[in-house]
Amino acid sequence: MERKFISHDDITAWLDGLAEDHVVLVPMKDGGSVSFRPYVQGRTPNLDRQAVPSPKDAVFPQNETLLKYRFEKDPEHLDRTRIQVKETLPTEKTVVVGARPCGTRGMLTFDRVYDCDKNQDLYYRTRKENTLHVTVACTRVESTCFCHDVGSGPADGEGSDVLLVPVASGYVAEPITERGEALLAASQFKAAGDREAEAEAVKAATVAKLPEAHDYSDSAEKLMARFDDMEFWEEQSAKCISCGACTYLCPTCYCFNITDDTTGLTGRRLRSWDNCMSFQFTLEGSGHNPRPTKAHRLKNRVGHKFAYYPMLHANAIACCGCGRCIKSCPAGVDIRAIVKAAQNYTPKKEEGGDES
Amino acid sequence: MKANPLLPEMATILEVVDETSNIKTFRVRFDDEEVMKNFTFEPGQVGQLSAFGYGESTFVINSSPTRMDYLQFSVMRVGEVTTRLHSLQAGDAIGVRAPLGNSFPIEDMKGKDVVFVGGGIGMAPLRTLLVYMLDNRKDYGKITLLYGARSPLDMAFQEDVAEWIASDDLDVVLTIDNPAEGWGEEDQTKRVGLIPNVLTDINPAAENTVAITCGPPIMIKFTLQALKKLGFADDQIVTTLEKRMKCGVGLCGRCNIGTKYVCVDGPVFKYSELLELPNEL
Amino acid sequence: MSMLEELKEQIRTALPDLDMVIAWEQGFDAAHGTPLFIRTEADVDRLMVGPLSVQNPATYLPALVKAKGAGKIGVVAKGCDSRAIVELLQEKLISREQVVIFGFGCNGCVSQALLEGKIEEAGKYSAELTGVETDGRTVKAQVAGETLSFDFNDVTFEKCLTCEYPNTLIADHFVGDKVEVAPGCEKAPSLEEFEKLSQNEKLSFWQEQMRRCVRCYACRNACPMCVCRDHCIATTHDPQWISQENNAQENFMFQMIHTMHLAGRCVECGECERACPVNLPLMLLRRTMGEAVRNVFDYTTGTDPEVVPPLMTFKVEEENINERGW
C-alpha cells in the first residue's frame with residue numbers, strides 16, 4: 001500500500017471533508033486540558049498534543065445506553081404493568097484522528113475479551129466496525145512513556161487504519177488497513193516521494209530518545225508470588241487514594257457497571273465505565289467485600305494487567321505503556337515501580353531470625 | 001446464546017411463593033413461546049433477573065431442566081434490586097438473561113452416592129440438582145440431604161421438603177440452630193445443631209461419594225472442614241460461589257478470582273479447584 | 001545543620017514510637033514529588049520537603065488511625081495540610097493523641113498545571129518537562145534539554161499566593177524559623193476574573209468546563225474531609241441523586257453536591273483542583289463557598305481544634321442571618 005503525504009495547510013480541509021459523513025474526534029485544547037472533541041469547521045485541532053483521556057471512548061464510550069424501557073398499563077389487565085424493552089445499538093460512524101499508538105493499541109486488549117470466539121459484545125463490535133483510527137506517531141518522549149517496555153513503540157501502527165508520521169511540513173501517511181488506504185484517496189493526500197525517508201528518520205530519532213527497554217516478561221509469575229503478601233501490597237498502595245483517575249484514563253481498562261436510570265415511566269439501562277479501585281466495585285449485597293482495602297484493590301488492578309490477563313491471553317500484557325496513570329495519579333503511584341518491586345522482591349531478613 | 005448477551009428476554013411471573021420472611025420464589029415463563037420451547041440449561045446455571053429501573057441480580061435457576069413448565073428462581077431480599085423483585089406479583093413482567101455460567105459436573109456423579117448439604121438460601125442451587133437426580137434416579141446411588149436453617153421459619157421449599165421426607169428415594173435430615181417448640185427431637189429427621197456438627201453425626205461414607213454444599217460463607221467453611229474429617233477428598237466436594245455480578249458473561253471484569261471469572265468459569269467449583277485459586281473469596 | 005537534616009533527625013528520634021511518618025520524596029521524575037511513608041531509618045534518607053511536596057498527607061489520616069492495631073501516626077505538614085488536620089480534629093475524625101505532627105514554615109509549592117501552562121505559552125511542549133528546581137524566587141524547568149525560567153509567583157498555586165497560614169498551625173516538632181505571613185494578594189486572581197462574569201456567562205463557563213469531567217472522583221478522594229468516599233452519594237442508587245451519565249449537567253451536580261458537603265469543612269488546601277486530571281477549576285467553587293461561610297458565620301475553617309464548626313452546632317440567634325426581620 002502506497003504511502004502518501006499531507007501538508008499542515010491541508011489538514012483542516014481534509015478534516016472538513018471527513019466531518020461531512022463521520023463524527024471526527026481530534027485532540028483539542030479544552031479549558032486547561034486537552035480532550036478528544038468532535039471536530040467541526042472553525043475548531044482548531046491540536047494533533048501535536050496528546051489528549052489526556054484515551055481514545056477508547058470512541059469504541060467503548062464512558063456511557064452506553066444498552067436498552068430503553070417503558071412502563072405501560074396492560075389494557076387487558078389494568079392492575080398490571082407491561083414493560084416495553086428496546087435494544088439501542090450505536091449508529092455513529094467515527095474517525096479518531098490524532099490518538100497516539102499507545103492509546104489506539106488499547107483496543108487490542110479489548111478485542112481479546114469483547115470480540116472473540118467466546119464473547120461478542122455487540123455494542124463494542126458495532127462501534128469498532130464503524131470507527132476508523134488515524135493515529136499520529138510520537139516524536140516526543142515523556143518521562144512516563146513506556147510503550148517500548150510492553151511490546152510497542154512510538155510509531156507502532158498495530159490497531160490503527162492509518163499512521164501519520166510528522167515530518168517538516170506535514171505528515172507522511174502510512175496506510176495500515178484497506179479501509180485506511182481508502183481514506184488516503186482524499187484529494188489532500190499527495191505522493192510521499194522522498195518524504196518517506198524523512199519519516200523513517202523521524203521514527204528512528206524518537207526511538208533513540210527512549211531509555212533502555214525493561215523486561216516485564218516474568219511479571220505474571222512474580223506478581224502471583226506476591227499474592228498473599230499483604231504487607232507488600234500495603235506498602236505499594238500506601239499513597240494510593242483509591243480514586244479512578246488511572247482507570248478512567250487508561251486505554252486498556254474495560255471494566256463496566258450497569259445502572260438503570262428512570263424518569264417517570266421511561267428509562268434506560270446505562271453501561272458506564274467502572275473502577276476496580278473503588279470500594280463498591282466488589283461489594284456484595286450481604287455486605288461482604290472480597291477486596292475490602294485499597295491494598296487488595298491495587299493488587300487486583302496491577303495483577304489483572306500484568307498477570308491474570310497475560311495468563312489468559314498468551315502473555316499479552318494488558319497495558320499499553322502510555323503512562324497516563326502515572327502522570328495523572330494525584331499521589332504519583334507508578335505502576336512500573338510496583339511491577340518492578342514484585343520482580344525484584346527478596347524476602348526481608350529479620351535480625352538473627354528466619355526469612356519470612 | 002443470544003446475539004446480544006446484555007439484552008434480557010422478557011418473561012412473565014406465573015406465581016410467587018412466600019418461602020420465609022425474606023425469601024420468595026418466582027416461577028416465570030418467557031413471553032416468546034419459541035424461546036420457552038427451545039430453552040435448555042444444565043443444573044447449576046444461573047440467570048440475571050431484571051427489575052427494570054432498579055437493576056439486575058444473579059440467581060440460580062433452581063427448577064430442574066427435567067421440568068420445563070417454568071423457570072424457578074428464589075430471591076432473598078437484601079438490597080435494592082431484590083426488594084423491588086419482592087414487590088412483583090403474578091402477572092408482572094420481568095427480564096431474564098439465562099442460562100449463564102457453568103453447571104454441576106453431573107457426569108462425574110453418575111453411579112455414585114451423593115450427599116447434599118445446604119444452609120438457608122444455599123438450598124436453592126442444590127434443589128435444581130437434587131430434583132434432576134430424583135428425576136433420573138437410577139443413575140445415582142444413595143442420596144442424602146442435610147438442610148439446615150436458623151429456625152423452622154427460615155426453612156425454604158417447605159412443600160418440596162415434605163415431599164422429599166415422604167419419599168423413599170432419598171434420606172432427609174433437617175436441622176435448626178436452636179431448639180424450637182414443636183420441632184420433634186424424637187424424629188431423627190428433625191434435629192437441632194449446627195450443620196457441620198449434624199453432618200458429622202450423620203457420618204456419611206466418603207467412598208464413591210460426592211458432596212455438594214452451598215450456604216453462607218461461614219457455614220461452607222466449617223462444612224468443608226467436617227467433610228475433610230469424614231474423609232472426602234478435595235475433588236469429591238462441590239460448591240457454588242457468590243460474587244457481585246453485572247454482565248454475567250465475562251466482560252465487565254468484576255467477578256474474578258485471579259484468572260477465573262465466577263460468572264463464566266463458575267459459579268460451580270470443585271473444592272480442589274477453589275484451593276488453586278488465589279485467596280480472594 | 002540544614003532544615004532538612006534537622007527534620008530528618010527529629011523523625012529518626014520519634015520513629016521508634018510511631019507506626020510511620022507520612023512525608024514526601026522525589027517522584028517518578030525530577031519534576032514531581034510523591035508521598036513517602038517512612039517506616040524504617042533507611043526510608044528517612046529519601047525525605048524531600050520543598051516546593052514539589054504538594055500532596056496533602058492529611059487525607060491518609062482518618063483511615064490509618066481507624067485501622068486495627070493502629071498506633072501513633074506521624075505526619076509532616078505544611079501550613080495548609082495542618083489546617084486539614086485541625087479540621088479533622090474539630091470533627092473528631094482523628095484524635096490529637098493519635099498523631100504526631102512535624103511542622104515547618106512553608107514558602108509555597110509549584111503547581112504542575114500552571115507550570116505546564118507557562119511552558120506551552122513559551123511555545124514548548126510541556127510533555128517534555130523532566131526537571132524542576134527553584135530558589136523560591138525563580139523556577140527553572142528542564143524541557144527537552146533546555147532550561148526555561150519563570151517567576152515563582154507565576155507558577156505557584158493560587159492558595160500559596162493568598163496563603164495566610166504558611167506555618168504549621170499545631171505541631172509536636174517544629175523545624176526552622178517561622179515564615180512571615182505575607183500573602184501575594186488577597187483574593188485568588190482566577191476568582192476575581194470569574195466574579196466579573198454575568199450569571200449567564202457563569203453558566204456557560206461551567207457548561208464548558210464540566211463537559212470534560214471524567215467523574216474519576218480524584219477530587220473527592222484527594223480531599224482530607226471526604227471520609228465517606230466509600231459510600232458516596234455520587235455512586236449510590238438508593239436513593240439516586242445523580243446518574244452515572246457523564247454530561248455537563250450531571251457532572252456539575254456532582255461538584256455542587258461535593259461543594260455543599262464541604263461547607264464549613266473545606267480548608268481550601270486546593271488538593272481537589274490539583275488532583276483533577278483534566279484541570280477543572282474546582283477551587284472557584286470551594287473559595288466561593290468558603291467566603292460565604294466566612295461572611296455568614298464569621299468562621300474560618302481548620303484554625304482552632306477547640307472550636308466546633310458552625311454547621312455542626314447551632315445558635316439560637318445567628319448574628320448574620322436575618323431570620324425575623326422580614
# chains A, B, ... in the order shown; residues from 1 in each chain; ligands from 1
>>> residues_around(residues="range 323-335 of chain A", least_positions_apart="4", cutoff="6 Å", atoms="only C-alpha atoms", output="CSV table (one decimal) with C-alpha atoms, in the first residue's frame")
chain,number,residue,atom,x,y,z
A,144,THR,CA,6.1,8.5,31.9
A,145,CYS,CA,6.2,6.8,28.5
A,246,CYS,CA,-5.8,5.8,36.5
C,34,THR,CA,5.2,12.0,45.8
C,275,ALA,CA,-5.8,16.1,41.7
C,277,PRO,CA,-6.6,15.0,35.7
>>> select_by_dssp(residues="range 129-271 of chain A", states="helix (DSSP H, G or I)", output="VMD selection string")
chain A and resid 129 147 to 150 178 to 183 195 to 209 219 to 225 230 to 237 245 to 249
>>> residues_around(residues="range 100-107 of chain C", least_positions_apart="2", cutoff="10 Å", atoms="only C-alpha atoms", output="PyMOL selection string")
chain C and resi 3+7+10-11+14+17-18+20-23+49-51+72-82+85+96-98+109+135-137+156+160-161+163+165-181
>>> write_last_selection(atoms="C-alpha atoms", output="PDB file, in the first residue's frame")
ATOM      1  CA  MET C   3      16.394  22.425  57.880  1.00  0.00           C
ATOM      2  CA  LEU C   7      13.827  17.408  60.255  1.00  0.00           C
ATOM      3  CA  GLN C  10      13.581  14.744  64.517  1.00  0.00           C
ATOM      4  CA  ILE C  11      11.894  11.998  62.543  1.00  0.00           C
ATOM      5  CA  ALA C  14      10.475   9.912  67.005  1.00  0.00           C
ATOM      6  CA  ASP C  17       7.294   5.162  68.781  1.00  0.00           C
ATOM      7  CA  LEU C  18       5.386   5.683  65.568  1.00  0.00           C
ATOM      8  CA  MET C  20       5.084   5.573  60.278  1.00  0.00           C
ATOM      9  CA  VAL C  21       5.732   9.169  59.331  1.00  0.00           C
ATOM     10  CA  ILE C  22       3.984  10.455  56.225  1.00  0.00           C
ATOM     11  CA  ALA C  23       6.025  12.983  54.265  1.00  0.00           C
ATOM     12  CA  VAL C  49      10.463  18.748  51.694  1.00  0.00           C
ATOM     13  CA  GLY C  50      10.107  21.666  49.367  1.00  0.00           C
ATOM     14  CA  PRO C  51       8.154  23.227  46.511  1.00  0.00           C
ATOM     15  CA  LYS C  72       0.558   6.698  66.505  1.00  0.00           C
ATOM     16  CA  ILE C  73       0.875   8.147  63.018  1.00  0.00           C
ATOM     17  CA  GLY C  74       3.487  10.776  62.314  1.00  0.00           C
ATOM     18  CA  VAL C  75       2.940  13.364  59.612  1.00  0.00           C
ATOM     19  CA  VAL C  76       4.983  16.221  58.177  1.00  0.00           C
ATOM     20  CA  ALA C  77       2.537  19.021  57.465  1.00  0.00           C
ATOM     21  CA  LYS C  78       2.689  22.266  55.534  1.00  0.00           C
ATOM     22  CA  GLY C  79       0.548  25.089  56.856  1.00  0.00           C
ATOM     23  CA  CYS C  80      -2.395  24.177  54.609  1.00  0.00           C
ATOM     24  CA  ASP C  81      -2.007  20.484  55.474  1.00  0.00           C
ATOM     25  CA  SER C  82      -2.143  21.365  59.162  1.00  0.00           C
ATOM     26  CA  ILE C  85      -5.523  18.150  60.351  1.00  0.00           C
ATOM     27  CA  ARG C  96      -4.810  14.570  68.997  1.00  0.00           C
ATOM     28  CA  GLU C  97      -3.064  11.651  70.718  1.00  0.00           C
ATOM     29  CA  GLN C  98      -3.165   9.588  67.544  1.00  0.00           C
ATOM     30  CA  CYS C 109       4.714  24.986  46.171  1.00  0.00           C
ATOM     31  CA  ASP C 135      15.105  29.025  44.958  1.00  0.00           C
ATOM     32  CA  GLY C 136      11.695  30.435  45.862  1.00  0.00           C
ATOM     33  CA  ARG C 137      12.020  33.386  43.507  1.00  0.00           C
ATOM     34  CA  THR C 156       2.829  28.748  42.357  1.00  0.00           C
ATOM     35  CA  CYS C 160       0.134  29.866  48.074  1.00  0.00           C
ATOM     36  CA  LEU C 161      -0.263  33.384  46.641  1.00  0.00           C
ATOM     37  CA  CYS C 163      -1.732  31.994  51.974  1.00  0.00           C
ATOM     38  CA  TYR C 165      -1.139  30.169  57.258  1.00  0.00           C
ATOM     39  CA  PRO C 166       2.338  29.314  55.959  1.00  0.00           C
ATOM     40  CA  ASN C 167       3.451  27.912  59.313  1.00  0.00           C
ATOM     41  CA  THR C 168       2.161  24.580  60.561  1.00  0.00           C
ATOM     42  CA  LEU C 169      -0.634  25.513  62.962  1.00  0.00           C
ATOM     43  CA  ILE C 170      -0.174  22.765  65.530  1.00  0.00           C
ATOM     44  CA  ALA C 171       2.997  20.752  65.740  1.00  0.00           C
ATOM     45  CA  ASP C 172       4.744  18.448  68.135  1.00  0.00           C
ATOM     46  CA  HIS C 173       8.062  19.319  66.496  1.00  0.00           C
ATOM     47  CA  PHE C 174       8.809  22.490  64.521  1.00  0.00           C
ATOM     48  CA  VAL C 175      11.917  22.799  62.411  1.00  0.00           C
ATOM     49  CA  GLY C 176      13.469  26.056  61.214  1.00  0.00           C
ATOM     50  CA  ASP C 177      12.143  29.574  61.645  1.00  0.00           C
ATOM     51  CA  LYS C 178       8.587  30.638  61.191  1.00  0.00           C
ATOM     52  CA  VAL C 179       7.837  32.238  57.860  1.00  0.00           C
ATOM     53  CA  GLU C 180       6.406  35.713  57.703  1.00  0.00           C
ATOM     54  CA  VAL C 181       2.715  35.841  56.802  1.00  0.00           C
TER      55      VAL C 181
END
>>> interface_residues(of="chain C", to="chain A", cutoff="6 Å", atoms="only C-alpha atoms", output="ChimeraX atom specification")
/C:34,127-128,216-218,221,230,245,275,277-279
>>> interface_residues(of="chain B", to="chain A", cutoff="8 Å", atoms="only C-alpha atoms", output="number ranges by chain")
B: 3-7, 52-55, 78-79, 91-93, 243-244, 246-247, 249-255, 258-259, 278-281
>>> closest_atom_pairs(of="chain C", to="chain B", cutoff="10 Å", atoms="only C-alpha atoms", output="Markdown table")
| residue | atom | partner | partner_atom | distance |
| --- | --- | --- | --- | --- |
| C:His237 | CA | B:Tyr54 | CA | 8.1 |
| C:Asp238 | CA | B:Glu80 | CA | 6.8 |
| C:Pro239 | CA | B:Glu80 | CA | 9.5 |
>>> write_last_selection(atoms="C-alpha atoms", output="PDB file, in the first residue's frame")
ATOM      1  CA  HIS C 237     -28.507   4.059  43.602  1.00  0.00           C
ATOM      2  CA  ASP C 238     -30.790   4.013  46.611  1.00  0.00           C
ATOM      3  CA  PRO C 239     -31.504   6.883  46.754  1.00  0.00           C
TER       4      PRO C 239
END
>>> residues_around(residues="Leu194 in chain B", least_positions_apart="5", cutoff="9 Å", atoms="only C-alpha atoms", output="PDB file with N, CA and C atoms, in the first residue's frame")
ATOM      1  N   GLY B 148     -30.133 -27.216  56.587  1.00  0.00           N
ATOM      2  CA  GLY B 148     -30.188 -26.509  57.849  1.00  0.00           C
ATOM      3  C   GLY B 148     -30.577 -25.056  57.669  1.00  0.00           C
ATOM      4  N   ALA B 149     -31.258 -24.526  58.682  1.00  0.00           N
ATOM      5  CA  ALA B 149     -31.605 -23.109  58.683  1.00  0.00           C
ATOM      6  C   ALA B 149     -31.579 -22.642  60.129  1.00  0.00           C
ATOM      7  N   ARG B 150     -31.660 -21.315  60.299  1.00  0.00           N
ATOM      8  CA  ARG B 150     -31.583 -20.793  61.661  1.00  0.00           C
ATOM      9  C   ARG B 150     -32.733 -21.306  62.506  1.00  0.00           C
ATOM     10  N   THR B 175     -32.103 -29.554  60.111  1.00  0.00           N
ATOM     11  CA  THR B 175     -31.589 -29.103  61.394  1.00  0.00           C
ATOM     12  C   THR B 175     -31.777 -27.605  61.552  1.00  0.00           C
ATOM     13  N   ILE B 176     -31.976 -27.191  62.781  1.00  0.00           N
ATOM     14  CA  ILE B 176     -32.078 -25.762  63.097  1.00  0.00           C
ATOM     15  C   ILE B 176     -31.045 -25.445  64.169  1.00  0.00           C
ATOM     16  N   ASP B 177     -30.720 -24.157  64.303  1.00  0.00           N
ATOM     17  CA  ASP B 177     -29.645 -23.776  65.215  1.00  0.00           C
ATOM     18  C   ASP B 177     -29.999 -24.012  66.678  1.00  0.00           C
ATOM     19  N   ASN B 178     -31.215 -23.615  67.071  1.00  0.00           N
ATOM     20  CA  ASN B 178     -31.601 -23.695  68.482  1.00  0.00           C
ATOM     21  C   ASN B 178     -32.934 -24.410  68.600  1.00  0.00           C
ATOM     22  N   LEU B 199     -23.757 -32.963  60.371  1.00  0.00           N
ATOM     23  CA  LEU B 199     -23.148 -33.723  59.271  1.00  0.00           C
ATOM     24  C   LEU B 199     -22.228 -34.811  59.835  1.00  0.00           C
ATOM     25  N   MET B 219     -20.811 -21.118  57.073  1.00  0.00           N
ATOM     26  CA  MET B 219     -21.301 -22.498  57.088  1.00  0.00           C
ATOM     27  C   MET B 219     -20.474 -23.358  56.143  1.00  0.00           C
TER      28      MET B 219
END
>>> residues_around(residues="range 134-136 of chain A", least_positions_apart="3", cutoff="7 Å", atoms="only C-alpha atoms", output="VMD selection string")
chain A and resid 96 to 101 160 to 165
>>> write_last_selection(atoms="C-alpha atoms", output="mmCIF file, in the first residue's frame")
data_model
loop_
_atom_site.group_PDB
_atom_site.id
_atom_site.type_symbol
_atom_site.label_atom_id
_atom_site.label_comp_id
_atom_site.auth_asym_id
_atom_site.auth_seq_id
_atom_site.Cartn_x
_atom_site.Cartn_y
_atom_site.Cartn_z
ATOM 1 C CA VAL A 96 -10.427 9.194 15.555
ATOM 2 C CA VAL A 97 -7.657 11.429 14.262
ATOM 3 C CA GLY A 98 -4.712 12.212 16.489
ATOM 4 C CA ALA A 99 -4.573 9.420 19.033
ATOM 5 C CA ARG A 100 -1.093 8.057 19.677
ATOM 6 C CA PRO A 101 -0.056 4.433 19.062
ATOM 7 C CA SER A 160 -4.731 1.681 13.500
ATOM 8 C CA ASP A 161 -6.017 2.190 9.968
ATOM 9 C CA VAL A 162 -3.529 4.927 9.068
ATOM 10 C CA LEU A 163 -0.330 6.049 10.747
ATOM 11 C CA LEU A 164 0.594 9.723 10.313
ATOM 12 C CA VAL A 165 4.302 10.362 10.856
#
>>> closest_residue(among="C:Leu129, C:Met260, C:Val110, C:Leu311", to="Val54 in chain C", atoms="only C-alpha atoms")
C:Val110
>>> atom_distance(atom1="CA of Glu158 in chain C", atom2="CA of Gly33 in chain C")
18.6 Å
